[in-house]
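Source file start11.cif; content: mmCIF, C-alpha atoms and all ligand atoms.
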```cif
data_upload
loop_
_atom_site.label_atom_id
_atom_site.label_comp_id
_atom_site.auth_asym_id
_atom_site.auth_seq_id
_atom_site.Cartn_x
_atom_site.Cartn_y
_atom_site.Cartn_z
CA MET A 10 53.65 20.13 -25.46
CA ALA A 11 50.68 21.10 -23.27
CA ILE A 12 46.96 21.45 -23.95
CA LEU A 13 46.31 25.03 -25.09
CA ASN A 14 44.39 26.89 -22.34
CA ASN A 15 43.90 23.48 -20.68
CA ASP A 16 40.94 23.09 -23.03
CA PHE A 17 40.78 19.38 -23.88
CA LEU A 18 37.43 19.80 -25.66
CA ALA A 19 38.81 22.47 -28.03
CA LEU A 20 41.85 20.26 -28.73
CA THR A 21 39.58 17.29 -29.46
CA LEU A 22 37.15 19.12 -31.74
CA ALA A 23 40.00 20.75 -33.67
CA ASN A 24 41.60 17.33 -34.29
CA GLN A 25 38.58 15.10 -34.89
CA ASP A 26 40.41 12.90 -37.41
CA GLY A 27 43.43 12.03 -35.27
CA LEU A 28 46.11 13.39 -33.00
CA ALA A 29 49.69 12.22 -32.40
CA PRO A 30 50.10 11.12 -28.76
CA PHE A 31 51.90 13.49 -26.38
CA GLN A 32 52.63 13.81 -22.70
CA PHE A 33 52.65 16.82 -20.38
CA SER A 34 52.74 17.61 -16.68
CA PHE A 35 50.28 19.50 -14.51
CA PRO A 36 50.47 20.47 -10.81
CA SER A 37 49.23 17.13 -9.38
CA GLY A 38 50.39 14.66 -12.03
CA ILE A 39 51.21 13.71 -15.58
CA GLY A 40 48.83 13.71 -18.57
CA PHE A 41 48.92 11.56 -21.69
CA VAL A 42 46.87 12.52 -24.73
CA GLU A 43 46.68 9.09 -26.32
CA GLU A 44 44.49 9.92 -29.32
CA THR A 45 41.78 12.43 -30.21
CA GLY A 46 39.40 12.60 -27.27
CA ILE A 47 41.36 10.16 -25.09
CA LEU A 48 43.25 11.66 -22.15
CA ARG A 49 44.87 9.69 -19.33
CA LEU A 50 45.69 11.55 -16.14
CA GLU A 51 48.03 9.91 -13.62
CA PRO A 52 48.32 11.37 -10.10
CA LYS A 53 51.69 11.93 -8.44
CA GLU A 54 50.74 9.63 -5.57
CA LYS A 55 49.90 5.97 -6.29
CA SER A 56 46.14 5.32 -6.28
CA SER A 57 43.98 2.20 -6.23
CA ILE A 58 41.02 3.98 -7.85
CA ASN A 59 40.84 3.76 -11.65
CA LEU A 60 38.03 5.94 -12.97
CA VAL A 61 36.87 6.15 -16.59
CA LEU A 62 34.66 9.15 -17.33
CA SER A 63 33.23 9.08 -20.83
CA VAL A 64 31.04 11.70 -22.49
CA GLY A 65 29.88 12.46 -26.02
CA ILE A 66 29.50 8.82 -27.05
CA HIS A 67 26.55 10.49 -28.77
CA GLY A 68 27.94 13.62 -30.42
CA ASN A 69 24.98 15.90 -29.76
CA GLU A 70 24.86 15.20 -25.99
CA THR A 71 26.96 18.23 -25.13
CA GLY A 72 26.04 18.92 -21.48
CA PRO A 73 28.18 16.12 -20.02
CA ILE A 74 31.00 17.06 -22.43
CA GLU A 75 31.03 20.62 -21.07
CA LEU A 76 30.86 19.35 -17.47
CA LEU A 77 33.82 17.01 -17.96
CA ASN A 78 35.86 19.59 -19.84
CA SER A 79 35.44 22.01 -16.98
CA LEU A 80 36.57 19.35 -14.44
CA VAL A 81 39.63 18.55 -16.59
CA LYS A 82 40.49 22.25 -16.88
CA SER A 83 40.37 22.59 -13.09
CA ILE A 84 42.70 19.60 -12.68
CA LEU A 85 45.16 20.83 -15.31
CA ASN A 86 45.32 24.38 -13.97
CA GLY A 87 45.83 23.15 -10.40
CA GLN A 88 42.48 24.23 -8.93
CA LEU A 89 41.69 20.56 -8.26
CA LYS A 90 44.27 18.12 -6.93
CA LEU A 91 44.10 14.73 -8.67
CA SER A 92 44.32 11.82 -6.24
CA ILE A 93 43.03 8.99 -8.49
CA ARG A 94 43.88 7.52 -11.90
CA LEU A 95 41.53 9.06 -14.44
CA LEU A 96 40.78 8.24 -18.08
CA VAL A 97 38.77 10.96 -19.82
CA ILE A 98 37.01 10.08 -23.07
CA ILE A 99 35.17 12.35 -25.50
CA GLY A 100 33.57 9.56 -27.47
CA ASN A 101 32.48 10.84 -30.86
CA PRO A 102 34.22 14.12 -31.82
CA VAL A 103 33.22 13.83 -35.50
CA ALA A 104 29.53 13.64 -34.61
CA ALA A 105 30.01 16.39 -31.98
CA ASN A 106 31.37 18.73 -34.66
CA LEU A 107 28.31 17.93 -36.79
CA ALA A 108 25.96 18.32 -33.77
CA LYS A 109 24.68 14.81 -34.55
CA ARG A 110 24.02 11.73 -32.40
CA PHE A 111 26.28 9.68 -34.69
CA CYS A 112 27.63 9.66 -38.27
CA ASP A 113 27.22 6.10 -39.64
CA VAL A 114 26.06 3.87 -36.77
CA ASN A 115 25.04 4.46 -33.13
CA LEU A 116 28.39 4.12 -31.31
CA ASN A 117 26.69 2.93 -28.13
CA ARG A 118 25.55 -0.28 -29.85
CA LEU A 119 29.04 -1.29 -31.02
CA PHE A 120 30.92 -2.40 -27.91
CA SER A 121 31.95 -5.86 -26.74
CA GLY A 122 33.18 -6.51 -30.26
CA ALA A 123 29.90 -5.64 -32.03
CA TRP A 124 31.99 -3.15 -34.05
CA LYS A 125 33.37 -6.12 -36.02
CA SER A 126 30.10 -6.34 -37.97
CA TYR A 127 30.16 -2.69 -39.07
CA GLU A 128 32.17 -0.23 -41.14
CA GLY A 129 32.69 3.51 -40.84
CA PHE A 130 33.92 5.97 -38.25
CA GLU A 131 32.00 4.64 -35.24
CA ALA A 132 33.13 1.03 -35.80
CA LYS A 133 36.80 2.13 -35.70
CA ARG A 134 36.12 4.37 -32.73
CA ALA A 135 34.46 1.61 -30.68
CA LYS A 136 37.50 -0.61 -31.25
CA ARG A 137 39.83 2.25 -30.22
CA LEU A 138 37.81 3.06 -27.11
CA GLU A 139 37.79 -0.58 -26.00
CA LEU A 140 41.58 -0.59 -26.34
CA ALA A 141 41.90 2.64 -24.35
CA VAL A 142 39.82 1.24 -21.50
CA SER A 143 41.64 -2.11 -21.55
CA ASP A 144 45.07 -0.42 -21.47
CA PHE A 145 43.98 1.96 -18.72
CA TYR A 146 42.79 -0.79 -16.40
CA ALA A 147 45.81 -2.97 -17.28
CA MET A 148 48.16 -0.13 -16.22
CA ALA A 149 46.64 0.01 -12.72
CA ASN A 150 49.08 -0.09 -9.84
CA SER A 151 49.90 -3.49 -8.44
CA GLY A 152 50.10 -4.43 -4.82
CA SER A 153 46.75 -3.34 -3.42
CA GLU A 154 43.14 -4.07 -4.29
CA GLN A 155 42.17 -1.99 -7.31
CA MET A 156 38.77 -0.40 -7.86
CA ARG A 157 37.62 -0.03 -11.47
CA LEU A 158 34.92 2.54 -12.14
CA HIS A 159 33.25 3.75 -15.33
CA TYR A 160 30.53 6.40 -15.56
CA ASP A 161 29.35 6.95 -19.14
CA LEU A 162 27.54 10.29 -19.11
CA HIS A 163 24.69 11.01 -21.53
CA THR A 164 21.66 13.23 -22.01
CA ALA A 165 18.32 11.96 -23.32
CA ILE A 166 16.31 12.88 -26.41
CA ARG A 167 13.11 13.39 -24.37
CA GLY A 168 12.20 15.05 -21.13
CA SER A 169 11.95 12.71 -18.15
CA VAL A 170 9.77 12.29 -15.07
CA HIS A 171 13.05 11.52 -13.26
CA GLU A 172 15.39 14.03 -14.85
CA LYS A 173 18.59 12.21 -13.90
CA PHE A 174 18.79 8.44 -13.97
CA ALA A 175 21.26 5.63 -14.40
CA VAL A 176 21.19 2.34 -16.29
CA SER A 177 22.82 -0.44 -14.32
CA PRO A 178 24.23 -3.30 -16.42
CA PHE A 179 22.66 -6.75 -16.34
CA VAL A 180 24.08 -8.56 -13.33
CA GLU A 181 23.77 -12.33 -13.39
CA ASN A 182 23.33 -12.83 -9.63
CA ALA A 183 21.12 -9.71 -9.18
CA ILE A 184 23.32 -8.47 -6.33
CA TYR A 185 24.12 -4.76 -6.64
CA ASN A 186 26.85 -2.64 -5.08
CA LYS A 187 25.60 -0.56 -2.16
CA ALA A 188 28.41 2.02 -2.29
CA GLN A 189 27.77 2.61 -6.00
CA PHE A 190 24.06 3.17 -5.42
CA GLY A 191 24.90 5.51 -2.51
CA PHE A 192 27.26 7.41 -4.82
CA LEU A 193 24.55 7.73 -7.48
CA ALA A 194 22.13 9.03 -4.82
CA SER A 195 24.67 11.58 -3.66
CA SER A 196 25.21 12.61 -7.31
CA GLY A 197 21.55 13.64 -7.68
CA ILE A 198 20.51 10.54 -9.61
CA GLN A 199 16.81 10.03 -8.96
CA ALA A 200 16.25 6.63 -10.56
CA VAL A 201 18.17 3.49 -11.48
CA LEU A 202 17.13 0.97 -14.14
CA LEU A 203 18.26 -2.60 -13.64
CA SER A 204 18.99 -4.07 -17.07
CA HIS A 205 17.50 -7.47 -17.85
CA GLN A 206 20.06 -8.71 -20.37
CA PRO A 207 23.57 -8.15 -21.76
CA THR A 208 23.88 -5.32 -24.30
CA THR A 209 26.51 -3.83 -26.59
CA THR A 210 26.69 -0.47 -24.76
CA PHE A 211 29.92 1.06 -23.48
CA SER A 212 28.97 0.72 -19.82
CA TYR A 213 28.03 -2.95 -20.21
CA TYR A 214 31.40 -3.55 -21.91
CA SER A 215 33.39 -2.16 -18.95
CA TYR A 216 31.33 -4.17 -16.50
CA SER A 217 31.35 -7.47 -18.37
CA VAL A 218 34.89 -7.45 -19.76
CA HIS A 219 36.74 -5.56 -17.01
CA GLY A 220 34.59 -6.13 -13.92
CA ALA A 221 34.19 -2.37 -13.47
CA HIS A 222 31.42 -0.76 -11.46
CA SER A 223 29.86 0.82 -14.50
CA PHE A 224 26.72 2.81 -15.34
CA THR A 225 25.20 4.76 -18.19
CA VAL A 226 24.15 8.01 -16.52
CA GLU A 227 21.47 10.25 -18.07
CA LEU A 228 21.68 13.85 -16.90
CA GLY A 229 18.73 15.61 -18.54
CA LYS A 230 17.75 16.62 -22.03
CA VAL A 231 20.03 17.05 -25.07
CA CYS A 232 21.16 20.66 -25.74
CA SER A 233 23.70 22.21 -28.09
CA PHE A 234 27.12 23.51 -27.03
CA GLY A 235 26.76 26.74 -25.03
CA GLN A 236 23.07 26.12 -24.25
CA ASN A 237 23.52 23.81 -21.24
CA ASP A 238 22.69 24.97 -17.74
CA LEU A 239 25.65 23.33 -15.97
CA SER A 240 24.16 24.18 -12.56
CA ARG A 241 21.73 21.29 -13.17
CA PHE A 242 24.71 18.92 -12.84
CA ALA A 243 25.86 20.45 -9.54
CA ASP A 244 25.34 17.33 -7.37
CA LEU A 245 27.24 15.07 -9.76
CA GLU A 246 29.98 17.66 -10.18
CA LYS A 247 30.35 17.88 -6.41
CA SER A 248 30.58 14.12 -5.92
CA LEU A 249 33.06 13.75 -8.79
CA ILE A 250 35.25 16.50 -7.35
CA PHE A 251 35.14 14.78 -3.96
CA LEU A 252 36.17 11.49 -5.58
CA ILE A 253 38.92 13.11 -7.66
CA GLU A 254 40.41 14.98 -4.70
CA ASN A 255 39.85 12.57 -1.82
CA SER A 256 39.58 9.10 -3.41
CA VAL A 257 36.24 8.66 -1.64
CA LEU A 258 32.81 7.82 -3.07
CA SER A 259 30.41 10.24 -1.38
CA GLN A 260 27.27 8.60 -0.03
CA LYS A 261 23.59 9.44 0.49
CA PRO A 262 20.78 7.18 1.68
CA LEU A 263 19.08 5.25 -1.09
CA SER A 264 15.57 6.12 0.10
CA ASP A 265 15.18 8.87 -2.50
CA VAL A 266 16.22 6.66 -5.43
CA ASN A 267 13.46 5.09 -7.51
CA VAL A 268 14.42 1.65 -8.75
CA PHE A 269 12.96 0.04 -11.87
CA SER A 270 13.55 -3.34 -13.39
CA VAL A 271 13.68 -3.50 -17.16
CA LEU A 272 11.07 -5.96 -18.41
CA ASN A 273 11.42 -5.76 -22.16
CA ASP A 274 13.27 -4.16 -25.03
CA LEU A 275 10.90 -2.83 -27.67
CA ILE A 276 12.53 -3.74 -30.98
CA LYS A 277 11.68 -1.98 -34.23
CA ASP A 278 10.88 -5.11 -36.24
CA ASP A 279 9.60 -3.50 -39.43
CA GLU A 280 9.52 -0.12 -41.20
CA SER A 281 5.82 0.06 -40.23
CA TYR A 282 6.73 -0.02 -36.49
CA GLU A 283 4.97 2.72 -34.47
CA LEU A 284 4.69 3.71 -30.83
CA SER A 285 1.26 4.97 -29.72
CA ILE A 286 2.60 7.97 -27.82
CA ASN A 287 2.94 11.68 -28.51
CA ASP A 288 6.29 13.29 -29.23
CA ASP A 289 6.23 15.09 -25.88
CA VAL A 290 5.71 11.95 -23.76
CA LYS A 291 8.43 11.84 -21.13
CA ASN A 292 10.68 8.99 -20.08
CA PHE A 293 9.05 7.00 -17.23
CA THR A 294 5.48 7.81 -18.39
CA GLN A 295 3.28 5.01 -17.06
CA PHE A 296 0.49 3.18 -18.88
CA GLU A 297 -2.65 1.20 -18.07
CA LYS A 298 -2.71 -2.58 -18.41
CA ASP A 299 -3.57 -3.71 -21.98
CA TYR A 300 -2.69 -0.38 -23.62
CA VAL A 301 -1.34 -1.15 -27.10
CA LEU A 302 1.92 0.75 -26.91
CA ALA A 303 3.58 -0.46 -30.09
CA ASN A 304 2.50 -2.10 -33.27
CA SER A 305 3.79 -2.97 -36.71
CA LYS A 306 2.78 -5.25 -39.56
CA LYS A 307 4.64 -7.99 -37.66
CA SER A 308 3.88 -7.45 -33.99
CA GLN A 309 2.04 -5.62 -31.25
CA TYR A 310 3.09 -4.76 -27.69
CA GLN A 311 0.41 -4.56 -25.00
CA VAL A 312 1.21 -3.22 -21.55
CA GLU A 313 1.29 -6.14 -19.09
CA LYS A 314 0.55 -4.33 -15.83
CA THR A 315 -0.77 -0.87 -14.91
CA GLY A 316 2.20 1.28 -13.91
CA ASP A 317 4.64 -0.19 -16.42
CA ALA A 318 6.49 2.71 -18.04
CA ILE A 319 8.48 3.55 -21.13
CA VAL A 320 12.07 4.85 -21.28
CA PHE A 321 14.03 5.95 -24.39
CA PRO A 322 11.12 5.71 -26.85
CA ASN A 323 12.52 6.31 -30.33
CA THR A 324 11.51 4.87 -33.70
CA ASN A 325 13.87 7.03 -35.76
CA LEU A 326 16.35 4.18 -36.11
CA PRO A 327 17.05 1.18 -38.34
CA VAL A 328 14.94 -1.98 -38.23
CA GLY A 329 16.37 -4.39 -35.65
CA GLN A 330 17.30 -1.71 -33.11
CA ARG A 331 15.88 -0.87 -29.70
CA ALA A 332 12.88 1.47 -29.91
CA GLY A 333 12.42 1.74 -26.13
CA LEU A 334 12.58 -0.02 -22.79
CA ILE A 335 9.62 -1.12 -20.71
CA VAL A 336 10.33 -0.72 -17.02
CA ARG A 337 8.46 -1.59 -13.81
CA PRO A 338 8.97 0.09 -10.42
CA ILE A 339 10.34 -2.13 -7.66
CA GLU A 340 10.67 -1.48 -3.95
CA ILE A 341 14.21 -0.68 -2.88
CA GLU A 342 13.73 -3.16 0.02
CA ASN A 343 13.48 -5.91 -2.59
CA LEU A 344 16.87 -5.04 -4.02
CA GLN A 345 19.85 -7.16 -2.96
CA LEU A 346 22.69 -4.79 -2.08
CA ALA A 347 26.08 -5.82 -0.79
O1 LIG B 1 16.96 9.44 -25.09
C1 LIG B 1 17.21 8.44 -25.75
O2 LIG B 1 16.33 7.84 -26.41
C2 LIG B 1 18.60 7.86 -25.76
C3 LIG B 1 19.53 8.41 -24.74
C4 LIG B 1 20.77 7.52 -24.74
O3 LIG B 1 21.66 7.77 -25.50
N1 LIG B 1 20.72 6.46 -23.93
C5 LIG B 1 21.69 5.41 -23.99
C6 LIG B 1 21.36 4.38 -22.95
C7 LIG B 1 22.37 3.25 -22.93
C8 LIG B 1 22.02 2.12 -21.98
O4 LIG B 1 20.92 1.54 -22.14
O5 LIG B 1 22.84 1.79 -21.12
C9 LIG B 1 21.64 4.78 -25.38
O6 LIG B 1 20.54 4.62 -25.93
O7 LIG B 1 22.70 4.44 -25.90
ZN ZN B 2 23.38 9.07 -25.34
#
```

Mind turning this structure into structure tokens?
Amino acid sequence: MAILNNDFLALTLANQDGLAPFQFSFPSGIGFVEETGILRLEPKEKSSINLVLSVGIHGNETGPIELLNSLVKSILNGQLKLSIRLLVIIGNPVAANLAKRFCDVNLNRLFSGAWKSYEGFEAKRAKRLELAVSDFYAMANSGSEQMRLHYDLHTAIRGSVHEKFAVSPFVENAIYNKAQFGFLASSGIQAVLLSHQPTTTFSYYSYSVHGAHSFTVELGKVCSFGQNDLSRFADLEKSLIFLIENSVLSQKPLSDVNVFSVLNDLIKDDESYELSINDDVKNFTQFEKDYVLANSKKSQYQVEKTGDAIVFPNTNLPVGQRAGLIVRPIEIENLQLA
């Protein structure tokens, strides 16, 4: 069996509730559809690069899904030659069919075993995706040093001062990987957030459990299928193609990348929780010291320093969840890169 028209997205959306595994060949390797939305591509030549590309962890974030589907099509029809091991994941096909962020629970809060405390489609899916990633990295070739990569591609609810940005997982020793930052720069990523604590996101899972170089990558604003301007992803597409074909992480100087450290999570602590910002306020909007940015019957958040900014503001979520991140710009010279 093969994938009809090499369209992995169509296959996934048409089989949202499950798919029997099958294997097929393509010009530069062998493909394994392991489950709905989970496709492993093995190159003919042995490779030490093991790349996970995930999209659609939030079902309505369709731009990255279309980008990845087009890359997969090009590999399957022979336009691109695969030189690395590649695991392709379309995270939440049920929510994608409904054009929703999620069905029961936000999938990107359920990794590192957090799914055990929940029921419903996303809880099962988080468990399945963890298994897919674990198996993929475990099947890496032996004999040479293996590189594990995971880029989890998203789009944001709001516009953004820096349209494309990445969230780097919390790193205990605060030493970051220079080649990864160079790759992000060459992929058109304008800003990187350095997380301040462990989370239950997919990218943090791959980093903390599998030691992967892993990032959540935000590529612009949410749009529906067919409405995305894929030319806005051109830099990332180019660097991914270069990696897929040549096993090389393209590099650009880091001078154009804005780096922010995350200071705080804003947590919705009560139904009365409100953010004092308009609906059109963009990610990375900065505030004056002492501005009361959030308040509820239980708490208040006052900006600590002029220039502190908000990312991912959102109160349309259950009590206990993250309603935003407070970030502070830092000089790239102060970043430890190795
Ligand atoms: O725009 C928003 O408010 C959310 C966009 C989004 O889905 N972001 C990810 C970031 C994950 C991370 O912090 O690594 C999310 O909230 O899951
Ligand atoms: Zn998302």

Using only C-alpha atoms and all ligand atoms, I'd like a table of the residues in chain A that come within 7 Å of ligand ZN 2 (chain B); for each, show the closest atom pair and its distance in Å rounded to one decimal, ordered by chain and ascending number, as JSON lines.
```
{"residue": "A:Ile66", "atom": "CA", "partner": "B:ZN2", "partner_atom": "ZN", "distance": 6.4}
{"residue": "A:His67", "atom": "CA", "partner": "B:ZN2", "partner_atom": "ZN", "distance": 4.9}
{"residue": "A:Glu70", "atom": "CA", "partner": "B:ZN2", "partner_atom": "ZN", "distance": 6.3}
{"residue": "A:His163", "atom": "CA", "partner": "B:ZN2", "partner_atom": "ZN", "distance": 4.5}
{"residue": "A:Thr164", "atom": "CA", "partner": "B:ZN2", "partner_atom": "ZN", "distance": 5.6}
{"residue": "A:Ala165", "atom": "CA", "partner": "B:ZN2", "partner_atom": "ZN", "distance": 6.2}
```

**OP:** Please give me, as a PyMOL selection string, the residues lying within 8 Å of ligand LIG 1 (chain B) when counting all atoms listed in the file.
**Re:** chain A and resi 67+115-118+163-167+175-178+204+208+210-213+224-227+230+320-323+333

Selection file, C-alpha atoms, as an mmCIF file, in the frame of the given file:
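File produced: again22.cif:
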```cif
data_model
loop_
_atom_site.group_PDB
_atom_site.id
_atom_site.type_symbol
_atom_site.label_atom_id
_atom_site.label_comp_id
_atom_site.auth_asym_id
_atom_site.auth_seq_id
_atom_site.Cartn_x
_atom_site.Cartn_y
_atom_site.Cartn_z
ATOM 1 C CA HIS A 67 26.550 10.490 -28.770
ATOM 2 C CA ASN A 115 25.040 4.460 -33.130
ATOM 3 C CA LEU A 116 28.390 4.120 -31.310
ATOM 4 C CA ASN A 117 26.690 2.930 -28.130
ATOM 5 C CA ARG A 118 25.550 -0.280 -29.850
ATOM 6 C CA HIS A 163 24.690 11.010 -21.530
ATOM 7 C CA THR A 164 21.660 13.230 -22.010
ATOM 8 C CA ALA A 165 18.320 11.960 -23.320
ATOM 9 C CA ILE A 166 16.310 12.880 -26.410
ATOM 10 C CA ARG A 167 13.110 13.390 -24.370
ATOM 11 C CA ALA A 175 21.260 5.630 -14.400
ATOM 12 C CA VAL A 176 21.190 2.340 -16.290
ATOM 13 C CA SER A 177 22.820 -0.440 -14.320
ATOM 14 C CA PRO A 178 24.230 -3.300 -16.420
ATOM 15 C CA SER A 204 18.990 -4.070 -17.070
ATOM 16 C CA THR A 208 23.880 -5.320 -24.300
ATOM 17 C CA THR A 210 26.690 -0.470 -24.760
ATOM 18 C CA PHE A 211 29.920 1.060 -23.480
ATOM 19 C CA SER A 212 28.970 0.720 -19.820
ATOM 20 C CA TYR A 213 28.030 -2.950 -20.210
ATOM 21 C CA PHE A 224 26.720 2.810 -15.340
ATOM 22 C CA THR A 225 25.200 4.760 -18.190
ATOM 23 C CA VAL A 226 24.150 8.010 -16.520
ATOM 24 C CA GLU A 227 21.470 10.250 -18.070
ATOM 25 C CA LYS A 230 17.750 16.620 -22.030
ATOM 26 C CA VAL A 320 12.070 4.850 -21.280
ATOM 27 C CA PHE A 321 14.030 5.950 -24.390
ATOM 28 C CA PRO A 322 11.120 5.710 -26.850
ATOM 29 C CA ASN A 323 12.520 6.310 -30.330
ATOM 30 C CA GLY A 333 12.420 1.740 -26.130
#
```

Within 12 Å of stretch 46-64 of chain A, which residues of stretch 211-315 of chain A come that close, and what is the closest atom pair and distance in Å for each? Count only C-alpha atoms and give it as a tab-separated table.
```
residue	atom	partner	partner_atom	distance
A:Phe211	CA	A:Ser63	CA	9.1
A:Ser212	CA	A:Ser63	CA	9.4
A:Ser215	CA	A:Val61	CA	9.3
A:Tyr216	CA	A:Val61	CA	11.7
A:His219	CA	A:Asn59	CA	11.5
A:Gly220	CA	A:Asn59	CA	11.9
A:Ala221	CA	A:Leu60	CA	9.2
A:His222	CA	A:Leu60	CA	9.5
A:Ser223	CA	A:Val61	CA	9.1
A:Phe224	CA	A:Leu62	CA	10.4
A:Thr225	CA	A:Ser63	CA	9.5
A:Val226	CA	A:Val64	CA	9.8
A:Glu227	CA	A:Val64	CA	10.6
A:Leu228	CA	A:Val64	CA	11.1
A:Leu249	CA	A:Leu62	CA	9.8
A:Leu252	CA	A:Ile58	CA	9.2
A:Ile253	CA	A:Leu60	CA	9.0
A:Glu254	CA	A:Pro52	CA	10.2
A:Asn255	CA	A:Ile58	CA	10.6
A:Ser256	CA	A:Ile58	CA	6.9
A:Val257	CA	A:Ile58	CA	9.1
A:Leu258	CA	A:Ile58	CA	10.2
```

Original post:
Suppose you want the space between atom CA of A:Leu95 and atom CA of A:Leu18; what is it in Å?
Top reply: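 Going from atom CA of A:Leu95 over to atom CA of A:Leu18 covers 16.1 Å.
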
Subject >> Contacts of A:Ile339 at 12 Å (all atoms listed in the file; same-chain gap of 4+ positions) as a PyMOL selection string >> reply: chain A and resi 200-203+266-272+316-317+343-345

**OP:** Would you please work out which residue, of A:Ala108, A:Val180, A:Leu263, A:Val231, is nearest to A:Pro207 when using all atoms listed in the file?
**Re:** A:Val180

Original post:
Which is closest to A:Gln88 among A:Gln199, A:Asn15, A:Asn237, A:Gln260, if we use all atoms listed in the file?
Top reply: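 Residue with the minimum atom-to-atom distance to A:Gln88: A:Asn15.
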
Surrounding residues of A:Ile286 excluding itself and chain neighbours under 4 positions, 12 Å, only C-alpha atoms, as a short mmCIF file (atom, residue, chain, number, x, y, z; two decimals) with C-alpha atoms, keeping the file's coordinate frame:
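Printed below is result.cif as written:
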```
data_model
loop_
_atom_site.label_atom_id
_atom_site.label_comp_id
_atom_site.auth_asym_id
_atom_site.auth_seq_id
_atom_site.Cartn_x
_atom_site.Cartn_y
_atom_site.Cartn_z
CA VAL A 290 5.71 11.95 -23.76
CA LYS A 291 8.43 11.84 -21.13
CA ASN A 292 10.68 8.99 -20.08
CA THR A 294 5.48 7.81 -18.39
CA GLN A 295 3.28 5.01 -17.06
CA PHE A 296 0.49 3.18 -18.88
CA TYR A 300 -2.69 -0.38 -23.62
CA VAL A 301 -1.34 -1.15 -27.10
CA LEU A 302 1.92 0.75 -26.91
CA ALA A 303 3.58 -0.46 -30.09
CA ASN A 304 2.50 -2.10 -33.27
CA ALA A 318 6.49 2.71 -18.04
CA ILE A 319 8.48 3.55 -21.13
CA VAL A 320 12.07 4.85 -21.28
CA PRO A 322 11.12 5.71 -26.85
CA ASN A 323 12.52 6.31 -30.33
CA THR A 324 11.51 4.87 -33.70
CA GLY A 333 12.42 1.74 -26.13
#
```

**OP:** Determine the nearest neighbour of A:Ala183 from the options A:Lys90, A:Arg337, A:His171, A:His205, counting only C-alpha atoms.
**Re:**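 For A:Ala183, the nearest of the given residues is A:His205.
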
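Atom CA of A:Phe179 to atom CA of A:Ile341 spans 17.0 Å [interatomic distance, one decimal].
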
**OP:** Extract, using only C-alpha atoms, all DNA, RNA and protein residues at most 9 Å from A:Asn86, discarding same-chain residues fewer than 4 positions from it, and format them as a ChimeraX atom specification.
**Re:** /A:14-15,35-36,81-82

Subject >> Within-12 Å shell of (39.3, 16.1, -37.2) in input frame, all atoms listed in the file, as a PyMOL selection string >> reply: chain A and resi 19-28+44-46+101-107+130

Subject >> Nearest residue to A:Phe120 from the set A:Val218, A:Val170, A:Ala147, A:Ile74 (distances using all atoms listed in the file) >> reply: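 Ranked by minimum distance to A:Phe120, first place goes to A:Val218.
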
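Here the residues that fall within 9 Å of (10.0, 2.4, -42.3), using all atoms listed in the file, are given as A:Asp279, A:Glu280, A:Ser281, A:Tyr282, A:Asn325, A:Pro327, A:Val328.
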